file run.txt (compact mmCIF, N, CA and C atoms)
# COMPACT_ATOMS: atom_id res chain seq x y z
N MET A 1 -4.15 -7.75 -0.99
CA MET A 1 -4.61 -8.85 -0.19
C MET A 1 -5.08 -8.36 1.18
N ALA A 2 -4.38 -7.40 1.74
CA ALA A 2 -4.79 -6.90 3.06
C ALA A 2 -6.13 -6.18 2.98
N ALA A 3 -6.31 -5.35 1.95
CA ALA A 3 -7.58 -4.64 1.79
C ALA A 3 -8.72 -5.63 1.57
N LEU A 4 -8.47 -6.66 0.78
CA LEU A 4 -9.47 -7.69 0.58
C LEU A 4 -9.76 -8.42 1.88
N GLY A 5 -8.74 -8.68 2.67
CA GLY A 5 -8.92 -9.33 3.96
C GLY A 5 -9.74 -8.50 4.93
N PHE A 6 -9.53 -7.17 4.92
CA PHE A 6 -10.32 -6.29 5.78
C PHE A 6 -11.81 -6.41 5.45
N GLU A 7 -12.13 -6.53 4.17
CA GLU A 7 -13.53 -6.65 3.77
C GLU A 7 -14.06 -8.06 4.00
N ALA A 8 -13.26 -9.06 3.67
CA ALA A 8 -13.70 -10.45 3.80
C ALA A 8 -14.01 -10.82 5.24
N GLN A 9 -13.29 -10.24 6.20
CA GLN A 9 -13.52 -10.60 7.59
C GLN A 9 -14.90 -10.17 8.08
N GLN A 10 -15.56 -9.28 7.36
CA GLN A 10 -16.91 -8.87 7.73
C GLN A 10 -17.92 -9.97 7.45
N TYR A 11 -17.60 -10.86 6.53
CA TYR A 11 -18.56 -11.85 6.06
C TYR A 11 -18.13 -13.29 6.30
N ILE A 12 -16.85 -13.54 6.52
CA ILE A 12 -16.33 -14.90 6.64
C ILE A 12 -15.74 -15.08 8.04
N GLN A 13 -16.18 -16.13 8.73
CA GLN A 13 -15.59 -16.47 10.02
C GLN A 13 -15.32 -17.97 10.05
N PHE A 14 -14.16 -18.33 10.57
CA PHE A 14 -13.80 -19.73 10.68
C PHE A 14 -14.51 -20.36 11.87
N PRO A 15 -14.76 -21.67 11.79
CA PRO A 15 -15.40 -22.34 12.93
C PRO A 15 -14.56 -22.17 14.21
N GLY A 16 -15.24 -21.87 15.29
CA GLY A 16 -14.56 -21.63 16.57
C GLY A 16 -14.27 -20.17 16.82
N PHE A 17 -14.44 -19.32 15.78
CA PHE A 17 -14.16 -17.89 15.90
C PHE A 17 -15.43 -17.05 15.76
N GLU A 18 -16.59 -17.65 15.99
CA GLU A 18 -17.86 -16.94 15.81
C GLU A 18 -18.01 -15.77 16.78
N SER A 19 -17.42 -15.86 17.96
CA SER A 19 -17.57 -14.81 18.98
C SER A 19 -16.56 -13.67 18.81
N VAL A 20 -15.65 -13.81 17.87
CA VAL A 20 -14.61 -12.80 17.65
C VAL A 20 -15.17 -11.67 16.80
N PRO A 21 -15.03 -10.42 17.25
CA PRO A 21 -15.53 -9.30 16.45
C PRO A 21 -14.69 -9.10 15.20
N ALA A 22 -15.30 -8.50 14.20
CA ALA A 22 -14.58 -8.17 12.97
C ALA A 22 -13.74 -6.92 13.23
N GLY A 23 -12.66 -6.78 12.49
CA GLY A 23 -11.84 -5.59 12.60
C GLY A 23 -10.69 -5.74 13.57
N VAL A 24 -10.19 -4.60 14.03
CA VAL A 24 -9.02 -4.56 14.90
C VAL A 24 -9.29 -5.28 16.23
N GLY A 25 -10.54 -5.27 16.67
CA GLY A 25 -10.90 -5.93 17.92
C GLY A 25 -10.62 -7.41 17.93
N ALA A 26 -10.49 -8.01 16.76
CA ALA A 26 -10.21 -9.45 16.68
C ALA A 26 -8.85 -9.79 17.28
N VAL A 27 -7.90 -8.88 17.19
CA VAL A 27 -6.55 -9.15 17.69
C VAL A 27 -6.50 -9.19 19.21
N THR A 28 -7.40 -8.45 19.85
CA THR A 28 -7.36 -8.35 21.31
C THR A 28 -8.43 -9.18 22.01
N THR A 29 -9.18 -9.97 21.25
CA THR A 29 -10.25 -10.78 21.82
C THR A 29 -9.96 -12.26 21.59
N ALA A 30 -9.95 -13.04 22.67
CA ALA A 30 -9.75 -14.49 22.51
C ALA A 30 -11.00 -15.07 21.86
N PRO A 31 -10.90 -16.04 21.00
CA PRO A 31 -9.73 -16.75 20.50
C PRO A 31 -9.05 -16.08 19.30
N GLY A 32 -9.46 -14.86 18.96
CA GLY A 32 -8.82 -14.14 17.86
C GLY A 32 -7.34 -13.92 18.11
N THR A 33 -6.98 -13.71 19.37
CA THR A 33 -5.57 -13.53 19.73
C THR A 33 -4.77 -14.78 19.38
N TYR A 34 -5.36 -15.95 19.64
CA TYR A 34 -4.66 -17.20 19.33
C TYR A 34 -4.49 -17.36 17.82
N GLY A 35 -5.51 -16.99 17.06
CA GLY A 35 -5.40 -17.03 15.61
C GLY A 35 -4.33 -16.10 15.10
N PHE A 36 -4.25 -14.88 15.71
CA PHE A 36 -3.23 -13.92 15.30
C PHE A 36 -1.83 -14.47 15.58
N VAL A 37 -1.64 -15.05 16.76
CA VAL A 37 -0.33 -15.62 17.11
C VAL A 37 0.03 -16.75 16.16
N ALA A 38 -0.95 -17.61 15.82
CA ALA A 38 -0.68 -18.71 14.89
C ALA A 38 -0.29 -18.18 13.51
N LEU A 39 -1.01 -17.17 13.02
CA LEU A 39 -0.66 -16.58 11.72
C LEU A 39 0.71 -15.91 11.76
N PHE A 40 1.01 -15.23 12.87
CA PHE A 40 2.30 -14.56 13.02
C PHE A 40 3.44 -15.59 12.98
N LEU A 41 3.29 -16.68 13.72
CA LEU A 41 4.34 -17.71 13.75
C LEU A 41 4.46 -18.41 12.40
N PHE A 42 3.32 -18.71 11.76
CA PHE A 42 3.35 -19.36 10.45
C PHE A 42 4.03 -18.48 9.41
N SER A 43 3.65 -17.19 9.36
CA SER A 43 4.26 -16.31 8.36
C SER A 43 5.73 -16.08 8.67
N GLY A 44 6.11 -16.02 9.94
CA GLY A 44 7.52 -15.90 10.30
C GLY A 44 8.33 -17.10 9.84
N ALA A 45 7.77 -18.30 10.03
CA ALA A 45 8.45 -19.51 9.57
C ALA A 45 8.59 -19.52 8.05
N MET A 46 7.53 -19.08 7.35
CA MET A 46 7.59 -19.02 5.88
C MET A 46 8.65 -18.02 5.42
N GLU A 47 8.73 -16.88 6.09
CA GLU A 47 9.75 -15.87 5.74
C GLU A 47 11.16 -16.42 5.93
N LEU A 48 11.37 -17.18 6.99
CA LEU A 48 12.71 -17.67 7.29
C LEU A 48 13.10 -18.89 6.46
N ALA A 49 12.11 -19.74 6.12
CA ALA A 49 12.44 -21.00 5.47
C ALA A 49 12.15 -21.03 3.97
N VAL A 50 11.04 -20.43 3.53
CA VAL A 50 10.61 -20.58 2.14
C VAL A 50 10.86 -19.32 1.33
N TRP A 51 10.41 -18.20 1.82
CA TRP A 51 10.49 -16.94 1.07
C TRP A 51 11.79 -16.22 1.36
N THR A 52 12.89 -16.87 1.09
CA THR A 52 14.20 -16.27 1.37
C THR A 52 14.70 -15.53 0.13
N GLN A 53 15.56 -14.57 0.36
CA GLN A 53 16.13 -13.77 -0.72
C GLN A 53 17.29 -14.52 -1.35
N ASP A 54 17.23 -14.69 -2.65
CA ASP A 54 18.31 -15.33 -3.39
C ASP A 54 19.38 -14.27 -3.64
N PRO A 55 20.63 -14.49 -3.20
CA PRO A 55 21.67 -13.48 -3.40
C PRO A 55 21.98 -13.21 -4.87
N LYS A 56 21.59 -14.11 -5.77
CA LYS A 56 21.85 -13.93 -7.21
C LYS A 56 20.83 -13.00 -7.86
N LYS A 57 19.70 -12.74 -7.17
CA LYS A 57 18.64 -11.91 -7.74
C LYS A 57 18.63 -10.54 -7.06
N GLU A 58 17.98 -9.57 -7.74
CA GLU A 58 17.85 -8.24 -7.14
C GLU A 58 16.95 -8.32 -5.90
N VAL A 59 17.15 -7.38 -5.00
CA VAL A 59 16.40 -7.37 -3.75
C VAL A 59 14.91 -7.26 -4.05
N GLY A 60 14.13 -8.13 -3.40
CA GLY A 60 12.68 -8.13 -3.59
C GLY A 60 12.20 -8.98 -4.74
N ASN A 61 13.10 -9.57 -5.51
CA ASN A 61 12.72 -10.41 -6.63
C ASN A 61 12.62 -11.85 -6.13
N PHE A 62 11.39 -12.31 -5.96
CA PHE A 62 11.16 -13.67 -5.46
C PHE A 62 10.67 -14.60 -6.56
N GLY A 63 10.86 -14.20 -7.80
CA GLY A 63 10.48 -15.05 -8.92
C GLY A 63 9.08 -14.75 -9.42
N ASP A 64 8.60 -15.60 -10.29
CA ASP A 64 7.30 -15.45 -10.93
C ASP A 64 6.60 -16.80 -10.94
N PRO A 65 5.97 -17.18 -9.82
CA PRO A 65 5.39 -18.52 -9.72
C PRO A 65 4.24 -18.76 -10.69
N LEU A 66 3.54 -17.73 -11.14
CA LEU A 66 2.42 -17.91 -12.08
C LEU A 66 2.85 -17.82 -13.54
N GLY A 67 4.08 -17.43 -13.78
CA GLY A 67 4.58 -17.33 -15.15
C GLY A 67 4.00 -16.16 -15.93
N LEU A 68 3.56 -15.11 -15.24
CA LEU A 68 2.96 -13.96 -15.91
C LEU A 68 3.99 -13.15 -16.70
N SER A 69 5.26 -13.26 -16.33
CA SER A 69 6.28 -12.51 -17.09
C SER A 69 6.42 -13.06 -18.51
N ASN A 70 6.01 -14.30 -18.74
CA ASN A 70 6.03 -14.86 -20.09
C ASN A 70 4.98 -14.19 -20.96
N ILE A 71 3.89 -13.73 -20.34
CA ILE A 71 2.80 -13.09 -21.08
C ILE A 71 3.05 -11.59 -21.23
N PHE A 72 3.35 -10.94 -20.10
CA PHE A 72 3.45 -9.48 -20.08
C PHE A 72 4.88 -8.97 -20.19
N GLY A 73 5.85 -9.84 -20.03
CA GLY A 73 7.24 -9.42 -20.01
C GLY A 73 7.61 -8.86 -18.64
N TYR A 74 8.88 -8.79 -18.38
CA TYR A 74 9.33 -8.25 -17.09
C TYR A 74 10.59 -7.45 -17.34
N ASP A 75 10.45 -6.14 -17.24
CA ASP A 75 11.59 -5.27 -17.42
C ASP A 75 11.58 -4.25 -16.28
N GLU A 76 12.43 -3.27 -16.39
CA GLU A 76 12.54 -2.24 -15.34
C GLU A 76 11.22 -1.50 -15.14
N ASP A 77 10.52 -1.21 -16.24
CA ASP A 77 9.24 -0.50 -16.15
C ASP A 77 8.21 -1.34 -15.39
N MET A 78 8.14 -2.65 -15.70
CA MET A 78 7.19 -3.53 -15.01
C MET A 78 7.55 -3.64 -13.53
N ARG A 79 8.81 -3.67 -13.21
CA ARG A 79 9.24 -3.73 -11.80
C ARG A 79 8.78 -2.47 -11.06
N HIS A 80 8.91 -1.31 -11.68
CA HIS A 80 8.46 -0.07 -11.04
C HIS A 80 6.95 -0.08 -10.85
N LYS A 81 6.22 -0.59 -11.82
CA LYS A 81 4.77 -0.70 -11.68
C LYS A 81 4.40 -1.61 -10.52
N GLU A 82 5.11 -2.72 -10.42
CA GLU A 82 4.86 -3.69 -9.35
C GLU A 82 5.14 -3.06 -7.98
N LEU A 83 6.24 -2.35 -7.86
CA LEU A 83 6.57 -1.68 -6.60
C LEU A 83 5.55 -0.60 -6.25
N ASN A 84 5.14 0.18 -7.24
CA ASN A 84 4.16 1.23 -6.98
C ASN A 84 2.80 0.66 -6.60
N ASN A 85 2.38 -0.42 -7.22
CA ASN A 85 1.13 -1.05 -6.84
C ASN A 85 1.21 -1.59 -5.42
N GLY A 86 2.35 -2.14 -5.04
CA GLY A 86 2.53 -2.61 -3.67
C GLY A 86 2.46 -1.47 -2.67
N ARG A 87 3.07 -0.35 -3.01
CA ARG A 87 3.01 0.82 -2.12
C ARG A 87 1.58 1.33 -2.00
N PHE A 88 0.86 1.38 -3.11
CA PHE A 88 -0.53 1.83 -3.08
C PHE A 88 -1.38 0.89 -2.21
N ALA A 89 -1.13 -0.41 -2.33
CA ALA A 89 -1.88 -1.38 -1.52
C ALA A 89 -1.60 -1.18 -0.04
N MET A 90 -0.37 -0.84 0.32
CA MET A 90 -0.06 -0.57 1.74
C MET A 90 -0.81 0.66 2.23
N PHE A 91 -0.87 1.71 1.41
CA PHE A 91 -1.63 2.90 1.80
C PHE A 91 -3.11 2.59 1.93
N ALA A 92 -3.65 1.74 1.05
CA ALA A 92 -5.06 1.36 1.14
C ALA A 92 -5.33 0.64 2.46
N ALA A 93 -4.46 -0.29 2.82
CA ALA A 93 -4.63 -1.01 4.09
C ALA A 93 -4.52 -0.07 5.28
N ILE A 94 -3.56 0.85 5.24
CA ILE A 94 -3.41 1.82 6.33
C ILE A 94 -4.65 2.71 6.41
N GLY A 95 -5.20 3.10 5.27
CA GLY A 95 -6.40 3.93 5.26
C GLY A 95 -7.60 3.22 5.87
N ILE A 96 -7.80 1.95 5.51
CA ILE A 96 -8.91 1.18 6.07
C ILE A 96 -8.74 1.01 7.57
N LEU A 97 -7.52 0.70 7.99
CA LEU A 97 -7.24 0.53 9.42
C LEU A 97 -7.41 1.83 10.17
N SER A 98 -6.94 2.93 9.62
CA SER A 98 -7.07 4.24 10.27
C SER A 98 -8.53 4.64 10.40
N ALA A 99 -9.32 4.40 9.36
CA ALA A 99 -10.74 4.74 9.41
C ALA A 99 -11.44 3.95 10.50
N GLU A 100 -11.09 2.69 10.66
CA GLU A 100 -11.70 1.89 11.71
C GLU A 100 -11.30 2.39 13.10
N LEU A 101 -10.03 2.71 13.27
CA LEU A 101 -9.57 3.21 14.56
C LEU A 101 -10.18 4.57 14.89
N LEU A 102 -10.38 5.40 13.87
CA LEU A 102 -10.94 6.73 14.08
C LEU A 102 -12.44 6.69 14.40
N THR A 103 -13.18 5.86 13.68
CA THR A 103 -14.63 5.83 13.84
C THR A 103 -15.11 4.76 14.82
N GLY A 104 -14.28 3.77 15.08
CA GLY A 104 -14.70 2.66 15.92
C GLY A 104 -15.57 1.66 15.19
N LYS A 105 -15.72 1.82 13.89
CA LYS A 105 -16.54 0.92 13.08
C LYS A 105 -15.63 0.10 12.17
N PRO A 106 -15.99 -1.17 11.92
CA PRO A 106 -15.21 -1.96 10.96
C PRO A 106 -15.28 -1.34 9.58
N SER A 107 -14.53 -1.89 8.64
CA SER A 107 -14.39 -1.28 7.32
C SER A 107 -15.67 -1.30 6.50
N ARG A 108 -16.68 -1.99 6.95
CA ARG A 108 -17.96 -2.02 6.24
C ARG A 108 -18.74 -0.76 6.60
N TRP A 109 -18.68 0.27 5.78
CA TRP A 109 -19.26 1.59 6.06
C TRP A 109 -20.76 1.62 5.88
N TRP A 110 -21.32 0.73 5.09
CA TRP A 110 -22.69 0.91 4.62
C TRP A 110 -23.72 0.12 5.40
N GLY A 111 -23.42 -0.31 6.61
CA GLY A 111 -24.41 -1.06 7.37
C GLY A 111 -24.32 -2.53 7.04
N ALA A 112 -25.40 -3.21 7.12
CA ALA A 112 -25.43 -4.67 7.02
C ALA A 112 -25.10 -5.19 5.63
N GLY A 113 -24.01 -4.75 5.08
CA GLY A 113 -23.54 -5.24 3.80
C GLY A 113 -24.31 -4.71 2.61
N LYS A 114 -25.18 -3.73 2.82
CA LYS A 114 -25.97 -3.18 1.73
C LYS A 114 -25.13 -2.19 0.93
N PRO A 115 -25.28 -2.15 -0.38
CA PRO A 115 -24.53 -1.17 -1.17
C PRO A 115 -25.04 0.24 -0.88
N PRO A 116 -24.25 1.26 -1.14
CA PRO A 116 -24.67 2.63 -0.88
C PRO A 116 -25.85 3.02 -1.76
N GLN A 117 -26.68 3.89 -1.23
CA GLN A 117 -27.83 4.40 -1.98
C GLN A 117 -27.36 5.57 -2.84
N ARG A 118 -27.68 5.54 -4.11
CA ARG A 118 -27.36 6.66 -4.99
C ARG A 118 -28.53 7.63 -4.94
N GLN A 119 -28.22 8.88 -4.69
CA GLN A 119 -29.25 9.90 -4.60
C GLN A 119 -28.78 11.13 -5.35
N SER A 120 -29.73 11.87 -5.89
CA SER A 120 -29.36 13.16 -6.45
C SER A 120 -29.64 14.21 -5.39
N GLY A 121 -28.93 15.29 -5.44
CA GLY A 121 -29.17 16.32 -4.43
C GLY A 121 -27.94 17.13 -4.14
N ALA A 122 -27.59 17.23 -2.87
CA ALA A 122 -26.58 18.16 -2.40
C ALA A 122 -25.22 17.97 -3.06
N THR A 123 -24.83 16.73 -3.34
CA THR A 123 -23.50 16.51 -3.90
C THR A 123 -23.51 16.50 -5.42
N GLY A 124 -24.66 16.76 -6.02
CA GLY A 124 -24.73 16.75 -7.48
C GLY A 124 -25.50 15.54 -7.97
N GLU A 125 -25.75 15.51 -9.21
CA GLU A 125 -26.55 14.44 -9.80
C GLU A 125 -25.86 13.09 -9.61
N GLY A 126 -26.54 12.16 -8.99
CA GLY A 126 -26.00 10.82 -8.79
C GLY A 126 -24.90 10.76 -7.76
N GLY A 127 -24.78 11.74 -6.87
CA GLY A 127 -23.71 11.75 -5.88
C GLY A 127 -23.89 10.71 -4.80
N MET A 128 -22.80 10.35 -4.14
CA MET A 128 -22.84 9.38 -3.06
C MET A 128 -23.04 10.11 -1.74
N HIS A 129 -23.94 9.63 -0.93
CA HIS A 129 -24.16 10.21 0.39
C HIS A 129 -23.76 9.19 1.43
N ARG A 130 -22.77 9.50 2.23
CA ARG A 130 -22.38 8.62 3.30
C ARG A 130 -23.20 8.93 4.54
N PRO A 131 -23.48 7.90 5.34
CA PRO A 131 -24.19 8.17 6.57
C PRO A 131 -23.32 8.99 7.51
N PRO A 132 -23.90 9.83 8.34
CA PRO A 132 -23.09 10.65 9.25
C PRO A 132 -22.36 9.77 10.25
N ILE A 133 -21.18 10.21 10.65
CA ILE A 133 -20.37 9.48 11.63
C ILE A 133 -20.81 9.89 13.02
N ALA A 134 -21.16 8.90 13.83
CA ALA A 134 -21.58 9.18 15.21
C ALA A 134 -20.35 9.49 16.05
N HIS A 135 -20.44 10.51 16.89
CA HIS A 135 -19.32 10.86 17.75
C HIS A 135 -19.58 10.43 19.16

call {"tool": "encode", "arguments": {"input": "run.txt", "output": "structure tokens"}}
result
Amino acid sequence: MAALGFEAQQYIQFPGFESVPAGVGAVTTAPGTYGFVALFLFSGAMELAVWTQDPKKEVGNFGDPLGLSNIFGYDEDMRHKELNNGRFAMFAAIGILSAELLTGKPSRWWGAGKPPQRQSGATGEGGMHRPPIAH
């Protein structure tokens, strides 16, 4: 969800937030700061009131609201897959955030939303060529 959010913010802006830059700069620019505070308070309230840990369940088990365990089953192996996918998603979000902080560019690497150009040449047949990073 975080990685999807990093990309979606390049194209979607809520009314009243048109002047807020995409990326990390949104947190430090008003009214983006107000939106961040509102999201922080809302998610904190949800954590304290709704998404609480049931002492009868294993740690991190918040149930299955979509009922997918009825289709795929839920055992120790599925729990490990779920945890590993969550860890991978955190690394993906950290990677996108780190790239933005390092380059100063939002997560949209390819310019105005255009897909990358496939070219043959230096990187091999059909290789991807990224634009050079400005220093």

call {"tool": "atom_distance", "arguments": {"input": "run.txt", "atom1": "atom CA of A:Val20", "atom2": "atom N of A:Gly32"}}
result
5.7 Å

call {"tool": "atom_distance", "arguments": {"input": "run.txt", "atom1": "atom N of A:Gln10", "atom2": "atom CA of A:Ala22"}}
result
5.8 Å

call {"tool": "atom_distance", "arguments": {"input": "run.txt", "atom1": "atom CA of A:Ser98", "atom2": "atom CA of A:Ala30"}}
result
22.5 Å

call {"tool": "residues_around", "arguments": {"input": "run.txt", "residues": "A:Ser19", "least_positions_apart": "2", "cutoff": "8 Å", "atoms": "only N, CA and C atoms", "output": "list of chain:residue names"}}
result
A:Pro15, A:Gly16, A:Phe17, A:Pro21, A:Ala22, A:Ala26, A:Thr29, A:Ala30, A:Pro31, A:Gly32

call {"tool": "residues_near_point", "arguments": {"input": "run.txt", "point": "(-11.0, 1.6, 7.7)", "cutoff": "7 Å", "atoms": "only N, CA and C atoms", "output": "VMD selection string"}}
result
chain A and resid 94 to 101 105 to 108

call {"tool": "closest_residue", "arguments": {"input": "run.txt", "among": "A:Ala2, A:Ala8, A:Val24, A:Leu83", "to": "A:Val59", "atoms": "only C-alpha atoms"}}
result
A:Leu83

call {"tool": "select_by_dssp", "arguments": {"input": "run.txt", "residues": "stretch 13-129 of chain A", "states": "alpha helix (DSSP H)", "output": "PyMOL selection string"}}
result
chain A and resi 32-49+69-72+76-103

call {"tool": "closest_residue", "arguments": {"input": "run.txt", "among": "A:Val27, A:Met78, A:Leu68, A:Met90", "to": "A:Leu39", "atoms": "only C-alpha atoms"}}
result
A:Val27

call {"tool": "closest_residue", "arguments": {"input": "run.txt", "among": "A:Met1, A:Ile12, A:Asn70, A:Glu58", "to": "A:Gly86", "atoms": "only C-alpha atoms"}}
result
A:Met1

call {"tool": "decode", "arguments": {"input": "run.txt", "residues": "stretch 30-40 of chain A", "atoms": "all heavy atoms", "output": "PDB file, in the first residue's frame"}}
result
ATOM      1  N   ALA A  30       2.759  23.369   3.866  1.00  0.00           N
ATOM      2  CA  ALA A  30       1.331  23.552   4.169  1.00  0.00           C
ATOM      3  C   ALA A  30       0.570  23.614   2.857  1.00  0.00           C
ATOM      4  O   ALA A  30       1.084  24.144   1.882  1.00  0.00           O
ATOM      5  CB  ALA A  30       1.132  24.828   4.959  1.00  0.00           C
ATOM      6  N   PRO A  31      -0.612  23.073   2.752  1.00  0.00           N
ATOM      7  CA  PRO A  31      -1.429  22.377   3.735  1.00  0.00           C
ATOM      8  C   PRO A  31      -1.132  20.881   3.848  1.00  0.00           C
ATOM      9  O   PRO A  31      -1.855  20.158   4.515  1.00  0.00           O
ATOM     10  CB  PRO A  31      -2.849  22.606   3.238  1.00  0.00           C
ATOM     11  CG  PRO A  31      -2.722  22.658   1.762  1.00  0.00           C
ATOM     12  CD  PRO A  31      -1.382  23.305   1.507  1.00  0.00           C
ATOM     13  N   GLY A  32      -0.074  20.404   3.194  1.00  0.00           N
ATOM     14  CA  GLY A  32       0.290  18.993   3.302  1.00  0.00           C
ATOM     15  C   GLY A  32       0.582  18.585   4.729  1.00  0.00           C
ATOM     16  O   GLY A  32       0.281  17.466   5.150  1.00  0.00           O
ATOM     17  N   THR A  33       1.165  19.507   5.499  1.00  0.00           N
ATOM     18  CA  THR A  33       1.458  19.234   6.906  1.00  0.00           C
ATOM     19  C   THR A  33       0.172  18.957   7.673  1.00  0.00           C
ATOM     20  O   THR A  33       0.116  18.051   8.506  1.00  0.00           O
ATOM     21  CB  THR A  33       2.201  20.421   7.542  1.00  0.00           C
ATOM     22  OG1 THR A  33       3.359  20.682   6.758  1.00  0.00           O
ATOM     23  CG2 THR A  33       2.603  20.131   8.967  1.00  0.00           C
ATOM     24  N   TYR A  34      -0.875  19.726   7.365  1.00  0.00           N
ATOM     25  CA  TYR A  34      -2.149  19.526   8.058  1.00  0.00           C
ATOM     26  C   TYR A  34      -2.754  18.172   7.687  1.00  0.00           C
ATOM     27  O   TYR A  34      -3.323  17.491   8.544  1.00  0.00           O
ATOM     28  CB  TYR A  34      -3.132  20.649   7.718  1.00  0.00           C
ATOM     29  CG  TYR A  34      -2.544  22.031   7.853  1.00  0.00           C
ATOM     30  CD1 TYR A  34      -2.747  22.988   6.876  1.00  0.00           C
ATOM     31  CD2 TYR A  34      -1.763  22.381   8.958  1.00  0.00           C
ATOM     32  CE1 TYR A  34      -2.206  24.259   6.982  1.00  0.00           C
ATOM     33  CE2 TYR A  34      -1.214  23.644   9.074  1.00  0.00           C
ATOM     34  CZ  TYR A  34      -1.431  24.575   8.083  1.00  0.00           C
ATOM     35  OH  TYR A  34      -0.891  25.826   8.195  1.00  0.00           O
ATOM     36  N   GLY A  35      -2.632  17.792   6.424  1.00  0.00           N
ATOM     37  CA  GLY A  35      -3.110  16.481   6.002  1.00  0.00           C
ATOM     38  C   GLY A  35      -2.357  15.364   6.690  1.00  0.00           C
ATOM     39  O   GLY A  35      -2.941  14.364   7.105  1.00  0.00           O
ATOM     40  N   PHE A  36      -1.018  15.542   6.834  1.00  0.00           N
ATOM     41  CA  PHE A  36      -0.211  14.528   7.512  1.00  0.00           C
ATOM     42  C   PHE A  36      -0.634  14.390   8.974  1.00  0.00           C
ATOM     43  O   PHE A  36      -0.797  13.278   9.484  1.00  0.00           O
ATOM     44  CB  PHE A  36       1.275  14.885   7.428  1.00  0.00           C
ATOM     45  CG  PHE A  36       2.152  13.988   8.248  1.00  0.00           C
ATOM     46  CD1 PHE A  36       2.380  12.686   7.864  1.00  0.00           C
ATOM     47  CD2 PHE A  36       2.723  14.451   9.421  1.00  0.00           C
ATOM     48  CE1 PHE A  36       3.180  11.847   8.627  1.00  0.00           C
ATOM     49  CE2 PHE A  36       3.519  13.635  10.188  1.00  0.00           C
ATOM     50  CZ  PHE A  36       3.743  12.325   9.796  1.00  0.00           C
ATOM     51  N   VAL A  37      -0.840  15.520   9.650  1.00  0.00           N
ATOM     52  CA  VAL A  37      -1.259  15.485  11.056  1.00  0.00           C
ATOM     53  C   VAL A  37      -2.620  14.811  11.186  1.00  0.00           C
ATOM     54  O   VAL A  37      -2.834  13.980  12.083  1.00  0.00           O
ATOM     55  CB  VAL A  37      -1.268  16.900  11.669  1.00  0.00           C
ATOM     56  CG1 VAL A  37      -1.933  16.916  13.031  1.00  0.00           C
ATOM     57  CG2 VAL A  37       0.143  17.451  11.762  1.00  0.00           C
ATOM     58  N   ALA A  38      -3.552  15.120  10.266  1.00  0.00           N
ATOM     59  CA  ALA A  38      -4.874  14.497  10.309  1.00  0.00           C
ATOM     60  C   ALA A  38      -4.776  12.985  10.107  1.00  0.00           C
ATOM     61  O   ALA A  38      -5.417  12.218  10.840  1.00  0.00           O
ATOM     62  CB  ALA A  38      -5.778  15.118   9.249  1.00  0.00           C
ATOM     63  N   LEU A  39      -3.969  12.549   9.133  1.00  0.00           N
ATOM     64  CA  LEU A  39      -3.784  11.111   8.917  1.00  0.00           C
ATOM     65  C   LEU A  39      -3.125  10.441  10.115  1.00  0.00           C
ATOM     66  O   LEU A  39      -3.484   9.323  10.495  1.00  0.00           O
ATOM     67  CB  LEU A  39      -2.952  10.859   7.665  1.00  0.00           C
ATOM     68  CG  LEU A  39      -3.665  11.048   6.336  1.00  0.00           C
ATOM     69  CD1 LEU A  39      -2.676  10.950   5.184  1.00  0.00           C
ATOM     70  CD2 LEU A  39      -4.775  10.033   6.171  1.00  0.00           C
ATOM     71  N   PHE A  40      -2.143  11.121  10.708  1.00  0.00           N
ATOM     72  CA  PHE A  40      -1.447  10.576  11.869  1.00  0.00           C
ATOM     73  C   PHE A  40      -2.423  10.388  13.036  1.00  0.00           C
ATOM     74  O   PHE A  40      -2.447   9.326  13.668  1.00  0.00           O
ATOM     75  CB  PHE A  40      -0.308  11.515  12.275  1.00  0.00           C
ATOM     76  CG  PHE A  40       0.505  11.031  13.423  1.00  0.00           C
ATOM     77  CD1 PHE A  40       1.494  10.081  13.236  1.00  0.00           C
ATOM     78  CD2 PHE A  40       0.282  11.517  14.708  1.00  0.00           C
ATOM     79  CE1 PHE A  40       2.257   9.629  14.307  1.00  0.00           C
ATOM     80  CE2 PHE A  40       1.036  11.067  15.772  1.00  0.00           C
ATOM     81  CZ  PHE A  40       2.025  10.127  15.579  1.00  0.00           C
TER      82      PHE A  40
END
